[in-house]
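To be precise, the following lines are target17.cif, and they hold mmCIF, C-alpha atoms and all ligand atoms.
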data_model
loop_
_atom_site.group_PDB
_atom_site.id
_atom_site.type_symbol
_atom_site.label_atom_id
_atom_site.label_comp_id
_atom_site.auth_asym_id
_atom_site.auth_seq_id
_atom_site.Cartn_x
_atom_site.Cartn_y
_atom_site.Cartn_z
ATOM 1 C CA MET A 7 -31.492 -26.916 61.851
ATOM 2 C CA ALA A 8 -32.102 -23.570 60.139
ATOM 3 C CA TYR A 9 -34.440 -23.386 57.144
ATOM 4 C CA LEU A 10 -32.520 -23.967 53.944
ATOM 5 C CA GLY A 11 -34.632 -21.720 51.731
ATOM 6 C CA ASN A 12 -31.974 -19.088 51.118
ATOM 7 C CA PHE A 13 -28.587 -18.910 49.421
ATOM 8 C CA THR A 14 -26.430 -18.735 52.563
ATOM 9 C CA ASN A 15 -27.850 -21.782 54.361
ATOM 10 C CA THR A 16 -27.994 -23.817 51.149
ATOM 11 C CA LYS A 17 -24.364 -23.012 50.330
ATOM 12 C CA GLN A 18 -23.336 -23.962 53.854
ATOM 13 C CA ILE A 19 -24.907 -27.427 53.528
ATOM 14 C CA LEU A 20 -23.514 -27.953 50.034
ATOM 15 C CA ASP A 21 -20.021 -27.078 51.296
ATOM 16 C CA LYS A 22 -20.369 -29.214 54.438
ATOM 17 C CA TYR A 23 -21.027 -32.290 52.282
ATOM 18 C CA GLY A 24 -18.784 -31.266 49.351
ATOM 19 C CA PHE A 25 -21.836 -31.751 47.145
ATOM 20 C CA SER A 26 -21.528 -31.169 43.410
ATOM 21 C CA PHE A 27 -24.656 -30.780 41.268
ATOM 22 C CA GLN A 28 -25.478 -33.520 38.815
ATOM 23 C CA LYS A 29 -26.933 -32.147 35.608
ATOM 24 C CA LYS A 30 -28.240 -35.588 34.618
ATOM 25 C CA PHE A 31 -30.597 -35.514 37.646
ATOM 26 C CA GLY A 32 -32.007 -32.056 36.865
ATOM 27 C CA GLN A 33 -30.721 -30.600 40.131
ATOM 28 C CA ASN A 34 -31.765 -26.976 40.624
ATOM 29 C CA PHE A 35 -32.447 -26.241 44.282
ATOM 30 C CA LEU A 36 -34.852 -23.556 45.475
ATOM 31 C CA ILE A 37 -33.329 -20.733 47.505
ATOM 32 C CA ASP A 38 -36.335 -18.415 47.910
ATOM 33 C CA SER A 39 -38.405 -18.761 51.075
ATOM 34 C CA ASN A 40 -41.375 -16.790 49.664
ATOM 35 C CA ILE A 41 -41.690 -19.167 46.739
ATOM 36 C CA LEU A 42 -41.431 -22.172 49.059
ATOM 37 C CA GLU A 43 -44.148 -20.848 51.360
ATOM 38 C CA ASN A 44 -46.384 -20.056 48.392
ATOM 39 C CA ILE A 45 -45.983 -23.557 46.922
ATOM 40 C CA VAL A 46 -46.932 -25.252 50.182
ATOM 41 C CA THR A 47 -49.869 -22.876 50.731
ATOM 42 C CA GLY A 48 -50.939 -23.165 47.073
ATOM 43 C CA ALA A 49 -50.877 -26.973 47.385
ATOM 44 C CA GLY A 50 -53.311 -26.635 50.312
ATOM 45 C CA VAL A 51 -51.264 -28.954 52.554
ATOM 46 C CA THR A 52 -52.787 -29.454 56.023
ATOM 47 C CA LYS A 53 -52.042 -31.585 59.085
ATOM 48 C CA ASP A 54 -54.456 -34.212 57.695
ATOM 49 C CA ASP A 55 -52.365 -34.776 54.578
ATOM 50 C CA CYS A 56 -49.849 -37.333 53.469
ATOM 51 C CA VAL A 57 -47.579 -35.692 50.894
ATOM 52 C CA LEU A 58 -45.364 -37.353 48.313
ATOM 53 C CA GLU A 59 -42.382 -35.181 47.424
ATOM 54 C CA ILE A 60 -40.514 -36.244 44.296
ATOM 55 C CA GLY A 61 -36.869 -35.167 44.382
ATOM 56 C CA PRO A 62 -36.355 -33.512 47.780
ATOM 57 C CA GLY A 63 -32.752 -32.514 46.917
ATOM 58 C CA ILE A 64 -31.166 -31.314 50.166
ATOM 59 C CA GLY A 65 -34.581 -31.128 51.849
ATOM 60 C CA THR A 66 -35.373 -27.454 51.301
ATOM 61 C CA MET A 67 -39.080 -27.849 50.519
ATOM 62 C CA THR A 68 -39.301 -31.003 52.634
ATOM 63 C CA GLN A 69 -38.714 -28.884 55.751
ATOM 64 C CA TYR A 70 -41.756 -26.760 54.892
ATOM 65 C CA LEU A 71 -43.790 -29.853 54.009
ATOM 66 C CA CYS A 72 -42.909 -31.625 57.285
ATOM 67 C CA GLU A 73 -44.099 -28.539 59.176
ATOM 68 C CA ALA A 74 -47.401 -28.384 57.247
ATOM 69 C CA ALA A 75 -48.334 -32.051 56.644
ATOM 70 C CA ARG A 76 -49.151 -35.059 58.776
ATOM 71 C CA PHE A 77 -46.593 -37.206 56.938
ATOM 72 C CA VAL A 78 -44.132 -36.741 54.066
ATOM 73 C CA ILE A 79 -42.765 -39.430 51.730
ATOM 74 C CA ALA A 80 -39.622 -38.022 50.087
ATOM 75 C CA VAL A 81 -38.259 -39.986 47.119
ATOM 76 C CA GLU A 82 -34.753 -39.027 45.968
ATOM 77 C CA ILE A 83 -32.741 -40.825 43.273
ATOM 78 C CA ASP A 84 -29.299 -39.413 44.145
ATOM 79 C CA LYS A 85 -27.724 -41.525 46.907
ATOM 80 C CA LYS A 86 -25.242 -38.737 47.694
ATOM 81 C CA LEU A 87 -28.181 -36.672 48.955
ATOM 82 C CA ILE A 88 -29.411 -39.247 51.493
ATOM 83 C CA PRO A 89 -26.914 -38.373 54.275
ATOM 84 C CA VAL A 90 -27.661 -34.706 53.618
ATOM 85 C CA LEU A 91 -31.406 -35.301 53.973
ATOM 86 C CA ASN A 92 -30.887 -37.346 57.163
ATOM 87 C CA ASP A 93 -29.101 -34.304 58.559
ATOM 88 C CA THR A 94 -31.345 -31.457 57.333
ATOM 89 C CA LEU A 95 -34.562 -33.298 58.276
ATOM 90 C CA SER A 96 -33.266 -34.862 61.512
ATOM 91 C CA GLU A 97 -35.712 -32.999 63.733
ATOM 92 C CA TYR A 98 -38.808 -34.254 61.890
ATOM 93 C CA ASP A 99 -40.171 -37.691 62.722
ATOM 94 C CA ASN A 100 -43.151 -37.425 60.337
ATOM 95 C CA LYS A 101 -41.230 -38.365 57.213
ATOM 96 C CA VAL A 102 -39.640 -41.243 55.345
ATOM 97 C CA ILE A 103 -36.734 -40.765 52.939
ATOM 98 C CA ILE A 104 -36.624 -43.295 50.100
ATOM 99 C CA ASN A 105 -33.544 -43.568 47.881
ATOM 100 C CA GLU A 106 -35.125 -44.677 44.593
ATOM 101 C CA ASP A 107 -36.028 -43.605 41.072
ATOM 102 C CA ILE A 108 -39.638 -42.420 41.305
ATOM 103 C CA LEU A 109 -40.393 -44.139 37.978
ATOM 104 C CA LYS A 110 -39.353 -47.518 39.427
ATOM 105 C CA LEU A 111 -41.452 -47.362 42.594
ATOM 106 C CA ASP A 112 -44.825 -49.022 42.967
ATOM 107 C CA LEU A 113 -46.823 -45.924 43.890
ATOM 108 C CA ASN A 114 -49.924 -47.890 44.855
ATOM 109 C CA GLU A 115 -47.887 -49.919 47.364
ATOM 110 C CA LEU A 116 -46.411 -46.705 48.737
ATOM 111 C CA SER A 117 -49.845 -45.163 49.145
ATOM 112 C CA LYS A 118 -51.127 -48.275 50.945
ATOM 113 C CA GLU A 119 -48.126 -48.497 53.238
ATOM 114 C CA TYR A 120 -48.028 -44.849 54.314
ATOM 115 C CA ASN A 121 -51.568 -43.561 53.848
ATOM 116 C CA GLY A 122 -53.860 -46.597 54.003
ATOM 117 C CA GLY A 123 -54.626 -46.153 50.273
ATOM 118 C CA LYS A 124 -56.255 -42.750 50.840
ATOM 119 C CA PRO A 125 -55.581 -39.875 48.412
ATOM 120 C CA ILE A 126 -52.119 -38.329 48.609
ATOM 121 C CA LYS A 127 -51.029 -34.802 47.682
ATOM 122 C CA VAL A 128 -47.977 -34.694 45.439
ATOM 123 C CA VAL A 129 -45.819 -31.596 45.857
ATOM 124 C CA ALA A 130 -42.584 -31.343 43.892
ATOM 125 C CA ASN A 131 -40.004 -29.159 42.258
ATOM 126 C CA LEU A 132 -39.660 -31.673 39.445
ATOM 127 C CA PRO A 133 -36.479 -32.645 37.613
ATOM 128 C CA TYR A 134 -37.237 -31.107 34.200
ATOM 129 C CA TYR A 135 -35.668 -33.927 32.133
ATOM 130 C CA ILE A 136 -38.463 -36.316 33.135
ATOM 131 C CA THR A 137 -41.437 -34.049 33.895
ATOM 132 C CA THR A 138 -43.757 -35.673 31.347
ATOM 133 C CA PRO A 139 -43.002 -39.339 32.238
ATOM 134 C CA ILE A 140 -43.496 -38.549 35.947
ATOM 135 C CA ILE A 141 -46.821 -36.767 35.409
ATOM 136 C CA MET A 142 -48.051 -39.545 33.069
ATOM 137 C CA GLU A 143 -47.008 -42.229 35.563
ATOM 138 C CA LEU A 144 -48.841 -40.446 38.392
ATOM 139 C CA PHE A 145 -52.041 -40.357 36.334
ATOM 140 C CA GLU A 146 -51.802 -43.736 34.623
ATOM 141 C CA SER A 147 -50.858 -45.718 37.718
ATOM 142 C CA HIS A 148 -54.254 -44.673 39.134
ATOM 143 C CA VAL A 149 -52.638 -44.228 42.515
ATOM 144 C CA PRO A 150 -55.144 -42.420 44.767
ATOM 145 C CA LEU A 151 -54.208 -38.745 44.445
ATOM 146 C CA HIS A 152 -55.888 -35.581 45.595
ATOM 147 C CA SER A 153 -53.695 -33.177 43.648
ATOM 148 C CA ILE A 154 -50.300 -32.644 42.071
ATOM 149 C CA THR A 155 -48.630 -29.287 42.678
ATOM 150 C CA ALA A 156 -45.458 -29.139 40.648
ATOM 151 C CA MET A 157 -42.738 -26.758 39.582
ATOM 152 C CA VAL A 158 -42.193 -27.342 35.870
ATOM 153 C CA GLN A 159 -40.750 -25.432 32.915
ATOM 154 C CA LYS A 160 -43.080 -22.545 32.141
ATOM 155 C CA GLU A 161 -43.460 -23.804 28.588
ATOM 156 C CA VAL A 162 -44.596 -27.217 29.859
ATOM 157 C CA ALA A 163 -47.091 -25.611 32.268
ATOM 158 C CA LEU A 164 -48.620 -23.726 29.325
ATOM 159 C CA ARG A 165 -48.794 -26.949 27.302
ATOM 160 C CA MET A 166 -50.653 -28.670 30.139
ATOM 161 C CA GLN A 167 -53.354 -25.988 30.167
ATOM 162 C CA THR A 168 -53.924 -25.368 26.480
ATOM 163 C CA GLY A 169 -56.681 -26.580 24.131
ATOM 164 C CA PRO A 170 -57.122 -27.329 20.389
ATOM 165 C CA GLY A 171 -55.774 -24.782 17.927
ATOM 166 C CA SER A 172 -52.606 -23.967 19.848
ATOM 167 C CA LYS A 173 -49.211 -25.224 18.655
ATOM 168 C CA ASP A 174 -48.545 -26.321 22.246
ATOM 169 C CA TYR A 175 -51.611 -28.595 22.340
ATOM 170 C CA GLY A 176 -50.706 -32.273 22.470
ATOM 171 C CA ALA A 177 -50.878 -35.621 24.241
ATOM 172 C CA LEU A 178 -49.719 -34.078 27.537
ATOM 173 C CA SER A 179 -52.479 -31.409 27.443
ATOM 174 C CA LEU A 180 -55.115 -34.072 26.846
ATOM 175 C CA ALA A 181 -53.864 -36.389 29.592
ATOM 176 C CA VAL A 182 -53.618 -33.595 32.150
ATOM 177 C CA GLN A 183 -57.096 -32.329 31.267
ATOM 178 C CA PHE A 184 -58.682 -35.799 31.233
ATOM 179 C CA TYR A 185 -57.517 -36.543 34.755
ATOM 180 C CA SER A 186 -57.394 -33.110 36.380
ATOM 181 C CA LYS A 187 -58.220 -29.432 36.441
ATOM 182 C CA PRO A 188 -54.920 -27.605 35.870
ATOM 183 C CA GLU A 189 -54.202 -24.096 37.119
ATOM 184 C CA ILE A 190 -50.916 -22.175 36.978
ATOM 185 C CA ILE A 191 -50.499 -20.702 40.452
ATOM 186 C CA MET A 192 -47.279 -18.735 39.955
ATOM 187 C CA ASN A 193 -44.371 -17.985 37.677
ATOM 188 C CA VAL A 194 -40.884 -18.438 39.099
ATOM 189 C CA SER A 195 -37.745 -16.767 37.772
ATOM 190 C CA ALA A 196 -34.438 -18.568 37.240
ATOM 191 C CA GLY A 197 -32.834 -16.499 40.028
ATOM 192 C CA CYS A 198 -34.831 -18.425 42.665
ATOM 193 C CA PHE A 199 -32.713 -21.552 42.082
ATOM 194 C CA ILE A 200 -29.110 -22.613 42.511
ATOM 195 C CA PRO A 201 -27.750 -23.302 39.944
ATOM 196 C CA ARG A 202 -29.944 -21.081 37.740
ATOM 197 C CA PRO A 203 -31.842 -23.136 35.155
ATOM 198 C CA ASN A 204 -31.733 -21.687 31.638
ATOM 199 C CA VAL A 205 -35.530 -21.690 31.302
ATOM 200 C CA ASP A 206 -38.363 -19.932 33.120
ATOM 201 C CA SER A 207 -40.448 -21.989 35.527
ATOM 202 C CA ALA A 208 -44.021 -22.077 36.769
ATOM 203 C CA VAL A 209 -45.922 -23.886 39.496
ATOM 204 C CA ILE A 210 -48.990 -25.700 38.238
ATOM 205 C CA LYS A 211 -51.626 -27.266 40.454
ATOM 206 C CA MET A 212 -53.582 -30.182 39.017
ATOM 207 C CA GLU A 213 -56.564 -31.169 41.107
ATOM 208 C CA LEU A 214 -57.705 -34.659 40.201
ATOM 209 C CA TYR A 215 -61.295 -35.162 39.106
ATOM 210 C CA LYS A 216 -63.423 -37.633 41.016
ATOM 211 C CA GLU A 217 -65.128 -38.244 37.697
ATOM 212 C CA ASN A 218 -63.402 -37.601 34.372
ATOM 213 C CA PRO A 219 -64.911 -34.700 32.370
ATOM 214 C CA VAL A 220 -65.677 -36.996 29.405
ATOM 215 C CA SER A 221 -66.657 -40.635 29.488
ATOM 216 C CA VAL A 222 -64.862 -43.137 27.291
ATOM 217 C CA ARG A 223 -65.212 -46.893 27.107
ATOM 218 C CA ASN A 224 -61.517 -47.696 26.971
ATOM 219 C CA GLU A 225 -59.162 -45.080 28.347
ATOM 220 C CA ALA A 226 -55.971 -46.869 27.274
ATOM 221 C CA PHE A 227 -57.261 -47.196 23.709
ATOM 222 C CA MET A 228 -58.166 -43.485 23.601
ATOM 223 C CA PHE A 229 -54.661 -42.556 24.750
ATOM 224 C CA SER A 230 -53.072 -44.828 22.150
ATOM 225 C CA LEU A 231 -55.047 -42.880 19.513
ATOM 226 C CA ILE A 232 -54.046 -39.556 21.047
ATOM 227 C CA ARG A 233 -50.357 -40.508 21.104
ATOM 228 C CA ALA A 234 -50.493 -41.739 17.510
ATOM 229 C CA SER A 235 -52.200 -38.508 16.330
ATOM 230 C CA PHE A 236 -49.565 -36.270 17.891
ATOM 231 C CA ASN A 237 -46.583 -38.461 16.969
ATOM 232 C CA GLN A 238 -47.270 -37.382 13.410
ATOM 233 C CA ARG A 239 -49.040 -34.121 14.104
ATOM 234 C CA ARG A 240 -48.612 -32.594 10.624
ATOM 235 C CA LYS A 241 -50.383 -35.572 9.035
ATOM 236 C CA THR A 242 -54.132 -35.910 8.713
ATOM 237 C CA LEU A 243 -55.778 -38.032 11.374
ATOM 238 C CA VAL A 244 -56.654 -40.654 8.741
ATOM 239 C CA ASN A 245 -52.959 -41.063 7.905
ATOM 240 C CA SER A 246 -51.425 -40.727 11.363
ATOM 241 C CA LEU A 247 -53.827 -43.228 12.937
ATOM 242 C CA SER A 248 -53.760 -45.786 10.129
ATOM 243 C CA ASN A 249 -49.917 -45.696 10.154
ATOM 244 C CA ALA A 250 -49.740 -46.456 13.856
ATOM 245 C CA GLY A 251 -50.450 -50.182 13.659
ATOM 246 C CA ILE A 252 -53.326 -50.095 16.155
ATOM 247 C CA ASP A 253 -55.629 -53.128 15.883
ATOM 248 C CA GLY A 254 -58.714 -52.458 13.760
ATOM 249 C CA VAL A 255 -57.675 -48.877 12.930
ATOM 250 C CA THR A 256 -57.417 -48.415 9.167
ATOM 251 C CA LYS A 257 -57.861 -45.523 6.740
ATOM 252 C CA GLU A 258 -61.447 -46.705 6.172
ATOM 253 C CA THR A 259 -62.475 -47.087 9.830
ATOM 254 C CA VAL A 260 -61.038 -43.661 10.696
ATOM 255 C CA ALA A 261 -62.715 -42.013 7.691
ATOM 256 C CA ASP A 262 -66.049 -43.634 8.651
ATOM 257 C CA ALA A 263 -65.768 -42.478 12.240
ATOM 258 C CA LEU A 264 -64.925 -38.905 11.171
ATOM 259 C CA SER A 265 -67.892 -38.892 8.848
ATOM 260 C CA THR A 266 -70.194 -40.077 11.687
ATOM 261 C CA MET A 267 -68.795 -37.238 13.799
ATOM 262 C CA GLU A 268 -69.394 -34.791 10.912
ATOM 263 C CA LEU A 269 -65.708 -33.834 10.858
ATOM 264 C CA SER A 270 -63.618 -33.174 7.749
ATOM 265 C CA PRO A 271 -61.823 -36.268 6.366
ATOM 266 C CA SER A 272 -58.638 -34.173 6.187
ATOM 267 C CA ILE A 273 -58.753 -32.979 9.798
ATOM 268 C CA ARG A 274 -55.599 -33.242 11.965
ATOM 269 C CA GLY A 275 -55.484 -34.504 15.545
ATOM 270 C CA GLU A 276 -54.528 -31.047 16.816
ATOM 271 C CA ALA A 277 -58.050 -29.803 15.942
ATOM 272 C CA LEU A 278 -59.845 -32.401 18.085
ATOM 273 C CA SER A 279 -61.013 -31.663 21.618
ATOM 274 C CA LEU A 280 -60.874 -34.201 24.458
ATOM 275 C CA ALA A 281 -64.590 -34.929 23.913
ATOM 276 C CA ASP A 282 -63.866 -35.533 20.184
ATOM 277 C CA PHE A 283 -61.096 -38.008 21.000
ATOM 278 C CA ALA A 284 -63.388 -39.832 23.428
ATOM 279 C CA ARG A 285 -66.115 -40.112 20.771
ATOM 280 C CA LEU A 286 -63.625 -41.191 18.088
ATOM 281 C CA SER A 287 -62.213 -43.788 20.466
ATOM 282 C CA ASP A 288 -65.656 -45.266 21.197
ATOM 283 C CA LEU A 289 -66.516 -45.367 17.475
ATOM 284 C CA LEU A 290 -63.228 -47.075 16.518
ATOM 285 C CA LEU A 291 -63.609 -49.604 19.301
ATOM 286 C CA ASN A 292 -66.849 -50.856 17.710
HETATM 287 N N1 LIG A 301 -36.869 -30.263 45.978
HETATM 288 C C1 LIG A 301 -35.551 -29.669 45.847
HETATM 289 C C2 LIG A 301 -35.687 -28.177 45.805
HETATM 290 O O1 LIG A 301 -36.769 -27.708 45.483
HETATM 291 O O2 LIG A 301 -34.706 -27.471 46.072
HETATM 292 C C3 LIG A 301 -34.785 -30.199 44.621
HETATM 293 C C4 LIG A 301 -35.488 -30.082 43.301
HETATM 294 S S1 LIG A 301 -34.479 -30.496 41.908
HETATM 295 C C5 LIG A 301 -35.262 -29.553 40.636
HETATM 296 C C6 LIG A 301 -35.009 -32.134 41.431
HETATM 297 C C7 LIG A 301 -34.605 -33.261 42.379
HETATM 298 O O3 LIG A 301 -35.126 -34.489 41.853
HETATM 299 C C8 LIG A 301 -33.125 -33.466 42.535
HETATM 300 O O4 LIG A 301 -32.814 -33.595 43.892
HETATM 301 C C9 LIG A 301 -32.827 -34.770 41.793
HETATM 302 O O5 LIG A 301 -31.714 -35.488 42.291
HETATM 303 C C10 LIG A 301 -34.134 -35.514 41.978
HETATM 304 N N2 LIG A 301 -34.443 -36.531 40.943
HETATM 305 C C11 LIG A 301 -34.072 -36.526 39.643
HETATM 306 N N3 LIG A 301 -34.559 -37.604 39.003
HETATM 307 C C12 LIG A 301 -35.265 -38.315 39.923
HETATM 308 C C13 LIG A 301 -35.996 -39.535 39.870
HETATM 309 N N4 LIG A 301 -36.099 -40.242 38.723
HETATM 310 N N5 LIG A 301 -36.570 -40.000 41.001
HETATM 311 C C14 LIG A 301 -36.462 -39.297 42.173
HETATM 312 N N6 LIG A 301 -35.783 -38.130 42.274
HETATM 313 C C15 LIG A 301 -35.197 -37.639 41.161
#

Now that the file is in, can you turn its structure into structure tokens?
Ligand code: SAM
Amino acid sequence: MAYLGNFTNTKQILDKYGFSFQKKFGQNFLIDSNILENIVTGAGVTKDDCVLEIGPGIGTMTQYLCEAARFVIAVEIDKKLIPVLNDTLSEYDNKVIINEDILKLDLNELSKEYNGGKPIKVVANLPYYITTPIIMELFESHVPLHSITAMVQKEVALRMQTGPGSKDYGALSLAVQFYSKPEIIMNVSAGCFIPRPNVDSAVIKMELYKENPVSVRNEAFMFSLIRASFNQRRKTLVNSLSNAGIDGVTKETVADALSTMELSPSIRGEALSLADFARLSDLLLN
């Protein structure tokens, strides 16, 4: 089977199977072999690695991953793509194709079954309509991961990297930076996909920390505070947190904690760093 990473071979497969793109699944397939090679190299995939690919599509990147990795787990939601994948990946025996919604799979089970619970590398050209839930699920499930290398909307990649003071700073930035060290490894233009998405894209690599950069007594509690702060980001922290109905969090307890931290009582969540949120979380837990 020829590599699919170009327009001609992709079109041939799409025609062979009479495949029509489903917008609801965020289907934009890569047709640029340079980009594909750079993603796999950027992800640092070696013959020791087990890779999880979310949304293999017709198997374009999966072919490259099967060549580079020890084993590839490819999870695709669209059942119409399964016969296509069985065809385009037929010559590789180091893969499993799973027809499932990635958000419904038990990732820890998957990691145990196919990699003995050792850290996996995630490599994906993500469906843009669920980028954030997928990234959050990967982090919050605490599945053993080495890194996540993902094609996302450029705007989302910037949000993942940014810090306090930027309008793009939010719950996603804090989660990504609590669990990993993010780095944008390349920008990708809309012309590298079929059909062309109407946004620019970027590949971001998130290498997971062995130890989080800040320590916090209750991670889940800290993230409930973070989410509440950014759900009402124009409000002061005192108001947004006390409105959120979190146990023990009132106008008074938040004001006290801010005073202990020597922060203004009218400060907004968007001005707090990750270390500030960790401190606030520990104080409010008392
Ligand atoms: N990897 C292919 C490529 O680069 O050409 C396709 C990438 S395309 C942007 C996203 C893929 O994710 C599609 O094949 C789509 O059907 C699949 N997908 C969408 N939602 C999914 C979900 N919840 N779980 C698993 N796959 C999903």

### Query
What is the distance between CA of Ser26 in chain A and CA of Val57 in chain A, in Å to one decimal?
27.5 Å

Written as an mmCIF file with C-alpha atoms, keeping the file's coordinate frame, which residues does the PyMOL selection byres (((chain A and resi 51) around 10) and not hetatm) give for the file shown?
data_model
loop_
_atom_site.group_PDB
_atom_site.id
_atom_site.type_symbol
_atom_site.label_atom_id
_atom_site.label_comp_id
_atom_site.auth_asym_id
_atom_site.auth_seq_id
_atom_site.Cartn_x
_atom_site.Cartn_y
_atom_site.Cartn_z
ATOM 1 C CA ILE A 45 -45.983 -23.557 46.922
ATOM 2 C CA VAL A 46 -46.932 -25.252 50.182
ATOM 3 C CA THR A 47 -49.869 -22.876 50.731
ATOM 4 C CA GLY A 48 -50.939 -23.165 47.073
ATOM 5 C CA ALA A 49 -50.877 -26.973 47.385
ATOM 6 C CA GLY A 50 -53.311 -26.635 50.312
ATOM 7 C CA THR A 52 -52.787 -29.454 56.023
ATOM 8 C CA LYS A 53 -52.042 -31.585 59.085
ATOM 9 C CA ASP A 54 -54.456 -34.212 57.695
ATOM 10 C CA ASP A 55 -52.365 -34.776 54.578
ATOM 11 C CA CYS A 56 -49.849 -37.333 53.469
ATOM 12 C CA VAL A 57 -47.579 -35.692 50.894
ATOM 13 C CA LEU A 71 -43.790 -29.853 54.009
ATOM 14 C CA CYS A 72 -42.909 -31.625 57.285
ATOM 15 C CA GLU A 73 -44.099 -28.539 59.176
ATOM 16 C CA ALA A 74 -47.401 -28.384 57.247
ATOM 17 C CA ALA A 75 -48.334 -32.051 56.644
ATOM 18 C CA ARG A 76 -49.151 -35.059 58.776
ATOM 19 C CA LYS A 127 -51.029 -34.802 47.682
ATOM 20 C CA VAL A 128 -47.977 -34.694 45.439
ATOM 21 C CA VAL A 129 -45.819 -31.596 45.857
#

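Close contacts of Ser287 in chain A, defined as residues with an atom at most 9 Å away when counting only C-alpha atoms, with chain neighbours fewer than 4 positions off set aside, comprise Val222, Arg223, Asn224, Glu225, Phe227, Met228, Phe229, Leu231, Asp282, Phe283, Leu291 and Asn292 of chain A.
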
### Message
Once the PyMOL selection byres (((chain A and resi 167) around 8) and not hetatm) is applied to the coordinates I shared, what remains selected? I want it as a PyMOL selection string.
### Response
chain A and resi 163-166+168-169+179+182-183+188-189

Residues of chain A at most 7 Å from ligand LIG 301 (chain A): nearest atom pair and distance in Å, all atoms listed in the file, as a tab-separated table:
residue	atom	partner	partner_atom	distance
A:Phe31	CA	A:LIG301	C11	4.1
A:Gly32	CA	A:LIG301	C6	5.5
A:Gln33	CA	A:LIG301	S1	4.2
A:Asn34	CA	A:LIG301	C5	4.3
A:Phe35	CA	A:LIG301	O2	3.1
A:Leu36	CA	A:LIG301	O2	4.0
A:Ile60	CA	A:LIG301	N6	5.5
A:Gly61	CA	A:LIG301	O3	3.1
A:Pro62	CA	A:LIG301	N1	3.8
A:Gly63	CA	A:LIG301	O4	3.2
A:Ile64	CA	A:LIG301	C1	6.4
A:Gly65	CA	A:LIG301	C1	6.3
A:Thr66	CA	A:LIG301	O2	5.3
A:Met67	CA	A:LIG301	O1	5.5
A:Val81	CA	A:LIG301	C14	5.3
A:Glu82	CA	A:LIG301	N6	3.9
A:Ile83	CA	A:LIG301	C14	4.2
A:Asp84	CA	A:LIG301	O5	5.0
A:Glu106	CA	A:LIG301	C14	6.0
A:Asp107	CA	A:LIG301	N5	3.6
A:Ile108	CA	A:LIG301	N5	3.9
A:Leu109	CA	A:LIG301	N4	5.8
A:Ala130	CA	A:LIG301	N1	6.2
A:Asn131	CA	A:LIG301	C4	4.7
A:Leu132	CA	A:LIG301	C5	5.0
A:Pro133	CA	A:LIG301	C6	4.1
A:Tyr134	CA	A:LIG301	C5	6.9

### Query
Expanded to explicit residues, what is the PyMOL selection byres (((chain A and resi 264) around 10) and not hetatm) for this file, as number ranges by chain?
A: 243-244, 258-263, 265-273, 282, 285-286, 289-290

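CA of Val162 in chain A sits 16.3 Å away from CA of Leu144 in chain A.
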
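Here the question is which of A:Met192, A:Ala177, A:Ala8, A:Ile140 gets nearest to Asn44 in chain A using all atoms listed in the file, and that residue is A:Met192.
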
### Query
Looking at A:Ile141, A:Val78, A:Ala234, A:Leu278, which one is nearest to Lys101 in chain A, with distances taken over all atoms listed in the file?
A:Val78

Output as JSON the centre and edge lengths (Å, one decimal) of the box along x, y and z of the file that holds every listed atom of range 14-24 of chain A after adding 8 Å on each side.
{"center_x": -23.4, "center_y": -25.5, "center_z": 51.9, "size_x": 25.2, "size_y": 29.6, "size_z": 21.1}

#### Entry: Atom pair CA of Ala284 in chain A / CA of Val220 in chain A: separation (Å)
7.0 Å

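With all atoms listed in the file as the atoms that count, the minimum distance from Phe236 in chain A to the choices A:Pro203, A:Pro170, A:Gly176, A:Gly251 is reached by A:Gly176.
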
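Shortest separation to Pro201 in chain A among A:Gln28, A:Asp93, A:Asn15, A:Leu280 occurs at residue A:Gln28, atoms counted being all atoms listed in the file.
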
### Query
Which residue, A:Gln69, A:Ser279, A:Ser207, A:Ser117, has the smallest gap to Phe184 in chain A when you use all atoms listed in the file?
A:Ser279

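For the choices A:Leu180, A:Ile37, A:Ile154, A:Ile19, the atom-to-atom distance to Ile200 in chain A is smallest for A:Ile37 when using only C-alpha atoms.
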
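Using all atoms listed in the file, the contacts of Val205 in chain A at a cut-off of 9 Å, with sequence neighbours closer than 2 positions omitted, comprise Gln159, Lys160, Glu161, Ser195, Ala196, Arg202, Pro203 and Ser207 of chain A.
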
Residues from the last selection, C-alpha atoms, saved as a short mmCIF file (atom, residue, chain, number, x, y, z; two decimals), keeping the file's coordinate frame:
data_model
loop_
_atom_site.label_atom_id
_atom_site.label_comp_id
_atom_site.auth_asym_id
_atom_site.auth_seq_id
_atom_site.Cartn_x
_atom_site.Cartn_y
_atom_site.Cartn_z
CA GLN A 159 -40.75 -25.43 32.92
CA LYS A 160 -43.08 -22.54 32.14
CA GLU A 161 -43.46 -23.80 28.59
CA SER A 195 -37.74 -16.77 37.77
CA ALA A 196 -34.44 -18.57 37.24
CA ARG A 202 -29.94 -21.08 37.74
CA PRO A 203 -31.84 -23.14 35.16
CA SER A 207 -40.45 -21.99 35.53
#

### Task
Taking the point (-43.7, -37.7, 18.6) as given in the file, collect each protein or nucleic acid residue that comes within 12 Å of it, counting all atoms listed in the file, and present the set as a PyMOL selection string.
chain A and resi 176-178+232-241+246+250
